[in-house]
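> Have a look at this one.
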Amino acid sequence: DLEINIEETQTGTFSAGFSIGSLDGVGFVAGLTERNFYGTGRSLKALINTTDDRTEFTFETTDRLFYENDVDVSYKANFKQEDFSATSSYKLDTFATGAGVGYKINPNLRHSINLDYVIKNYRVTNNSTVASAIKNSSGENVSFILKNTLFYNTLNSIMVPKNGRLLNYTNELE
């Protein structure tokens with residue numbers, strides 16, 4: 001006789017929150033994180049974060065490229081609107097999208113490289129009080145960001161680690 005025991009574990013979370021504060025005003029946040037979307041091995045992250053002065057939408061997905069050697073490819077998109085008109089006399093809309101590849105070098109060391117495309121649109125609300133750097137950047141600004149990351153992890157636990165090391169080295173070229 002062959003006996004197989006299967007223990008299911010949670011692969012995702014859904015969170016939602018509501019806040020009222022003197023700095024940000026009324027806020028709402030909702031997020032979904034799933035590490036094994038429909039049993040495909042694909043991870044998925046979605047986030048909505050709104051306050052009186054800021055709105056943000058984020059979507060990320062990571063999919064295994066090769067199951068044998070743990071290579072994955074990731075895609076992301078983020079849109080953010082920020083209103084700094086009361087304190088700094090401008091509004092900023094940011095759209096970012098990107099793709100990347102990550103892989104394990106050994107069981108404790110992971111390398112990833114990402115290329116992002118970012119559009120920032122600065123809208124000046126008061127020319128007499130805005131900073132000169134923002135005034136000079138007014139309008140749409142486009143940039144490409146190349147991000148290289150090495151992540152070394154020997155921690156015995158993510159929640160309350162007692163032993164091990166966690167090192168994260170990232171460099172970016174814009």
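Residue numbering restarts at 1 in every chain; chains get A, B, ... in the order shown in the structure tokens, and ligands count up from 1 in that same order.
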Set the distance at 10 Å and use only C-alpha atoms: which residues neighbour Asn148 (chain A) once local chain neighbours fewer than 3 positions away are removed? I'd like the list as number ranges by chain.
A: 100, 102, 111-115, 145, 169-173
> Fewer than 5 positions away in the same chain doesn't count, so skip those; otherwise give me all residues within 12 Å of Thr87 (chain A), counting only C-alpha atoms, as a PyMOL selection string.
chain A and resi 23+53+82+124-126+129-131
> Just want the 12 Å neighbourhood of Asn127 (chain A), counted on only C-alpha atoms, with same-chain residues fewer than 3 positions away dropped. Output as a list in words.
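Surrounding residues, per the criterion: Ser85, Ser88, Ser89, Tyr90, Arg123, Val124, Val130, Ala131, Ser132, Ala133, Ile134, Lys135, Asn136 and Ser138 of chain A.
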> Any chance you could list, as a PDB file with C-alpha atoms, in the first residue's frame, the residues in region 5-68 of chain A that come up strand (DSSP E) when DSSP is run on the backbone?

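Output file out-v4.pdb is given in full below:
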```pdb
ATOM      1  CA  GLY A  12      -2.074  34.032  -1.135  1.00  0.00           C
ATOM      2  CA  THR A  13      -3.533  36.856   0.866  1.00  0.00           C
ATOM      3  CA  PHE A  14      -6.131  39.533   0.387  1.00  0.00           C
ATOM      4  CA  SER A  15      -5.984  42.672   2.512  1.00  0.00           C
ATOM      5  CA  ALA A  16      -8.079  45.793   2.794  1.00  0.00           C
ATOM      6  CA  GLY A  17      -7.875  48.825   5.015  1.00  0.00           C
ATOM      7  CA  PHE A  18      -9.444  52.183   5.690  1.00  0.00           C
ATOM      8  CA  SER A  19      -7.813  55.136   7.443  1.00  0.00           C
ATOM      9  CA  ILE A  20      -8.607  58.665   8.565  1.00  0.00           C
ATOM     10  CA  GLY A  21      -5.706  60.964   9.429  1.00  0.00           C
ATOM     11  CA  GLY A  25      -7.053  62.532   5.065  1.00  0.00           C
ATOM     12  CA  VAL A  26      -9.309  59.608   4.220  1.00  0.00           C
ATOM     13  CA  GLY A  27      -7.541  56.596   2.762  1.00  0.00           C
ATOM     14  CA  PHE A  28      -8.372  53.177   1.368  1.00  0.00           C
ATOM     15  CA  VAL A  29      -5.997  50.357   0.507  1.00  0.00           C
ATOM     16  CA  ALA A  30      -6.712  46.916  -0.947  1.00  0.00           C
ATOM     17  CA  GLY A  31      -4.246  44.318  -2.106  1.00  0.00           C
ATOM     18  CA  LEU A  32      -4.042  40.785  -3.421  1.00  0.00           C
ATOM     19  CA  THR A  33      -0.934  38.615  -3.333  1.00  0.00           C
ATOM     20  CA  GLU A  34      -0.979  35.099  -4.751  1.00  0.00           C
ATOM     21  CA  SER A  43       2.687  34.836  -8.788  1.00  0.00           C
ATOM     22  CA  LEU A  44       0.373  37.815  -8.904  1.00  0.00           C
ATOM     23  CA  LYS A  45       0.310  41.074  -6.938  1.00  0.00           C
ATOM     24  CA  ALA A  46      -2.314  43.791  -7.240  1.00  0.00           C
ATOM     25  CA  LEU A  47      -2.642  46.910  -5.083  1.00  0.00           C
ATOM     26  CA  ILE A  48      -4.987  49.882  -4.914  1.00  0.00           C
ATOM     27  CA  ASN A  49      -3.991  52.690  -2.534  1.00  0.00           C
ATOM     28  CA  THR A  50      -5.934  55.944  -2.380  1.00  0.00           C
ATOM     29  CA  ARG A  54      -2.552  60.206  -3.754  1.00  0.00           C
ATOM     30  CA  THR A  55      -3.903  57.371  -5.871  1.00  0.00           C
ATOM     31  CA  GLU A  56      -1.840  54.337  -6.828  1.00  0.00           C
ATOM     32  CA  PHE A  57      -2.540  51.183  -8.840  1.00  0.00           C
ATOM     33  CA  THR A  58       0.038  48.394  -9.042  1.00  0.00           C
ATOM     34  CA  PHE A  59       0.008  45.100 -10.938  1.00  0.00           C
ATOM     35  CA  GLU A  60       2.887  42.588 -10.976  1.00  0.00           C
ATOM     36  CA  THR A  61       3.168  39.036 -12.200  1.00  0.00           C
ATOM     37  CA  THR A  62       6.035  36.559 -12.208  1.00  0.00           C
ATOM     38  CA  ASP A  63       6.015  33.404 -14.283  1.00  0.00           C
ATOM     39  CA  ARG A  64       8.453  30.505 -14.310  1.00  0.00           C
ATOM     40  CA  LEU A  65      10.373  30.365 -17.561  1.00  0.00           C
ATOM     41  CA  PHE A  66      12.123  27.060 -16.889  1.00  0.00           C
TER      42      PHE A  66
END
```
> What is the CA of Pro107 (chain A) to CA of Arg42 (chain A) distance in Å?
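We find that CA of Pro107 (chain A) and CA of Arg42 (chain A) lie 20.0 Å from each other.
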> I'd like the contact shell of region 163-168 of chain A - 12 Å cut-off, only C-alpha atoms, skipping same-chain residues fewer than 3 positions apart - returned as number ranges by chain.
A: 108-112, 148-160, 171
> With N, CA and C atoms retained, could you export that selection as a PDB file, in the first residue's frame?

```pdb
ATOM      1  N   ASN A 108      21.159  29.835  -1.862  1.00  0.00           N
ATOM      2  CA  ASN A 108      21.048  31.032  -1.027  1.00  0.00           C
ATOM      3  C   ASN A 108      21.193  32.343  -1.788  1.00  0.00           C
ATOM      4  N   LEU A 109      21.650  32.304  -3.030  1.00  0.00           N
ATOM      5  CA  LEU A 109      21.948  33.524  -3.784  1.00  0.00           C
ATOM      6  C   LEU A 109      21.093  33.603  -5.039  1.00  0.00           C
ATOM      7  N   ARG A 110      20.411  34.737  -5.194  1.00  0.00           N
ATOM      8  CA  ARG A 110      19.529  34.960  -6.345  1.00  0.00           C
ATOM      9  C   ARG A 110      19.959  36.249  -7.051  1.00  0.00           C
ATOM     10  N   HIS A 111      19.918  36.230  -8.373  1.00  0.00           N
ATOM     11  CA  HIS A 111      20.250  37.397  -9.190  1.00  0.00           C
ATOM     12  C   HIS A 111      19.043  37.748 -10.053  1.00  0.00           C
ATOM     13  N   SER A 112      18.778  39.042 -10.186  1.00  0.00           N
ATOM     14  CA  SER A 112      17.724  39.489 -11.105  1.00  0.00           C
ATOM     15  C   SER A 112      18.177  40.764 -11.799  1.00  0.00           C
ATOM     16  N   ASN A 148      19.903  46.032 -11.334  1.00  0.00           N
ATOM     17  CA  ASN A 148      20.625  44.789 -11.126  1.00  0.00           C
ATOM     18  C   ASN A 148      20.594  44.478  -9.630  1.00  0.00           C
ATOM     19  N   THR A 149      20.149  43.260  -9.241  1.00  0.00           N
ATOM     20  CA  THR A 149      20.003  42.924  -7.826  1.00  0.00           C
ATOM     21  C   THR A 149      20.611  41.562  -7.524  1.00  0.00           C
ATOM     22  N   LEU A 150      21.379  41.503  -6.450  1.00  0.00           N
ATOM     23  CA  LEU A 150      21.860  40.251  -5.868  1.00  0.00           C
ATOM     24  C   LEU A 150      21.231  40.143  -4.485  1.00  0.00           C
ATOM     25  N   PHE A 151      20.615  38.989  -4.193  1.00  0.00           N
ATOM     26  CA  PHE A 151      19.898  38.776  -2.944  1.00  0.00           C
ATOM     27  C   PHE A 151      20.419  37.499  -2.299  1.00  0.00           C
ATOM     28  N   TYR A 152      21.050  37.638  -1.131  1.00  0.00           N
ATOM     29  CA  TYR A 152      21.638  36.504  -0.414  1.00  0.00           C
ATOM     30  C   TYR A 152      20.851  36.296   0.874  1.00  0.00           C
ATOM     31  N   ASN A 153      20.340  35.086   1.096  1.00  0.00           N
ATOM     32  CA  ASN A 153      19.489  34.829   2.248  1.00  0.00           C
ATOM     33  C   ASN A 153      19.829  33.481   2.863  1.00  0.00           C
ATOM     34  N   THR A 154      20.283  33.484   4.125  1.00  0.00           N
ATOM     35  CA  THR A 154      20.492  32.254   4.887  1.00  0.00           C
ATOM     36  C   THR A 154      19.686  32.287   6.181  1.00  0.00           C
ATOM     37  N   LEU A 155      18.656  33.125   6.254  1.00  0.00           N
ATOM     38  CA  LEU A 155      17.838  33.215   7.458  1.00  0.00           C
ATOM     39  C   LEU A 155      17.085  31.907   7.683  1.00  0.00           C
ATOM     40  N   ASN A 156      16.926  31.538   8.942  1.00  0.00           N
ATOM     41  CA  ASN A 156      16.199  30.311   9.250  1.00  0.00           C
ATOM     42  C   ASN A 156      14.690  30.522   9.250  1.00  0.00           C
ATOM     43  N   SER A 157      14.230  31.779   9.226  1.00  0.00           N
ATOM     44  CA  SER A 157      12.809  32.086   9.201  1.00  0.00           C
ATOM     45  C   SER A 157      12.632  33.503   8.659  1.00  0.00           C
ATOM     46  N   ILE A 158      11.529  33.735   7.972  1.00  0.00           N
ATOM     47  CA  ILE A 158      11.245  35.078   7.470  1.00  0.00           C
ATOM     48  C   ILE A 158      10.554  35.914   8.555  1.00  0.00           C
ATOM     49  N   MET A 159       9.660  35.306   9.330  1.00  0.00           N
ATOM     50  CA  MET A 159       8.876  36.052  10.317  1.00  0.00           C
ATOM     51  C   MET A 159       9.711  36.492  11.521  1.00  0.00           C
ATOM     52  N   VAL A 160      10.342  35.559  12.212  1.00  0.00           N
ATOM     53  CA  VAL A 160      11.153  35.881  13.382  1.00  0.00           C
ATOM     54  C   VAL A 160      12.479  35.134  13.248  1.00  0.00           C
ATOM     55  N   ASN A 171      21.923  47.893  -7.698  1.00  0.00           N
ATOM     56  CA  ASN A 171      22.393  49.108  -8.338  1.00  0.00           C
ATOM     57  C   ASN A 171      21.491  49.412  -9.523  1.00  0.00           C
TER      58      ASN A 171
END
```
> Pick out each residue of chain A that DSSP on the backbone tags as alpha helix (DSSP H); I need them as an MDAnalysis selection string.
chainID A and resid 132:136
> Please produce a file of the residues just selected, as a PDB file, in the first residue's frame, where the atoms kept are all heavy atoms.

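Once written, result.pdb looks like this:
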```pdb
ATOM      1  N   SER A 132      12.393  75.616  -8.362  1.00  0.00           N
ATOM      2  CA  SER A 132      12.902  75.791  -9.724  1.00  0.00           C
ATOM      3  C   SER A 132      13.189  74.448 -10.401  1.00  0.00           C
ATOM      4  O   SER A 132      13.019  74.320 -11.615  1.00  0.00           O
ATOM      5  CB  SER A 132      14.157  76.658  -9.716  1.00  0.00           C
ATOM      6  OG  SER A 132      15.164  76.058  -8.935  1.00  0.00           O
ATOM      7  N   ALA A 133      13.607  73.438  -9.657  1.00  0.00           N
ATOM      8  CA  ALA A 133      13.871  72.120 -10.252  1.00  0.00           C
ATOM      9  C   ALA A 133      12.583  71.506 -10.792  1.00  0.00           C
ATOM     10  O   ALA A 133      12.587  70.892 -11.867  1.00  0.00           O
ATOM     11  CB  ALA A 133      14.504  71.186  -9.228  1.00  0.00           C
ATOM     12  N   ILE A 134      11.474  71.684 -10.093  1.00  0.00           N
ATOM     13  CA  ILE A 134      10.180  71.171 -10.564  1.00  0.00           C
ATOM     14  C   ILE A 134       9.705  71.985 -11.760  1.00  0.00           C
ATOM     15  O   ILE A 134       9.200  71.436 -12.738  1.00  0.00           O
ATOM     16  CB  ILE A 134       9.134  71.194  -9.426  1.00  0.00           C
ATOM     17  CG1 ILE A 134       9.571  70.316  -8.272  1.00  0.00           C
ATOM     18  CG2 ILE A 134       7.765  70.793  -9.940  1.00  0.00           C
ATOM     19  CD1 ILE A 134       9.673  68.840  -8.566  1.00  0.00           C
ATOM     20  N   LYS A 135       9.882  73.307 -11.695  1.00  0.00           N
ATOM     21  CA  LYS A 135       9.466  74.164 -12.813  1.00  0.00           C
ATOM     22  C   LYS A 135      10.236  73.798 -14.081  1.00  0.00           C
ATOM     23  O   LYS A 135       9.659  73.732 -15.164  1.00  0.00           O
ATOM     24  CB  LYS A 135       9.703  75.638 -12.471  1.00  0.00           C
ATOM     25  CG  LYS A 135       9.132  76.598 -13.506  1.00  0.00           C
ATOM     26  CD  LYS A 135       9.484  78.039 -13.209  1.00  0.00           C
ATOM     27  CE  LYS A 135       8.678  78.578 -12.082  1.00  0.00           C
ATOM     28  NZ  LYS A 135       8.847  80.029 -11.868  1.00  0.00           N
ATOM     29  N   ASN A 136      11.539  73.517 -13.947  1.00  0.00           N
ATOM     30  CA  ASN A 136      12.343  73.131 -15.105  1.00  0.00           C
ATOM     31  C   ASN A 136      11.976  71.741 -15.629  1.00  0.00           C
ATOM     32  O   ASN A 136      12.203  71.444 -16.802  1.00  0.00           O
ATOM     33  CB  ASN A 136      13.830  73.164 -14.752  1.00  0.00           C
ATOM     34  CG  ASN A 136      14.313  74.573 -14.466  1.00  0.00           C
ATOM     35  OD1 ASN A 136      13.706  75.554 -14.891  1.00  0.00           O
ATOM     36  ND2 ASN A 136      15.396  74.675 -13.719  1.00  0.00           N
TER      37      ASN A 136
END
```
> What's around Asp93 (chain A) at 6 Å? Count only C-alpha atoms, leave out sequence neighbours fewer than 3 positions away in its own chain, and write the answer as a count of residues only.
4
> Counting only C-alpha atoms, figure out which residue out of A:Thr97, A:Ser74, A:Asn36, A:Ser137 gets nearest to Thr9 (chain A).
A:Asn36
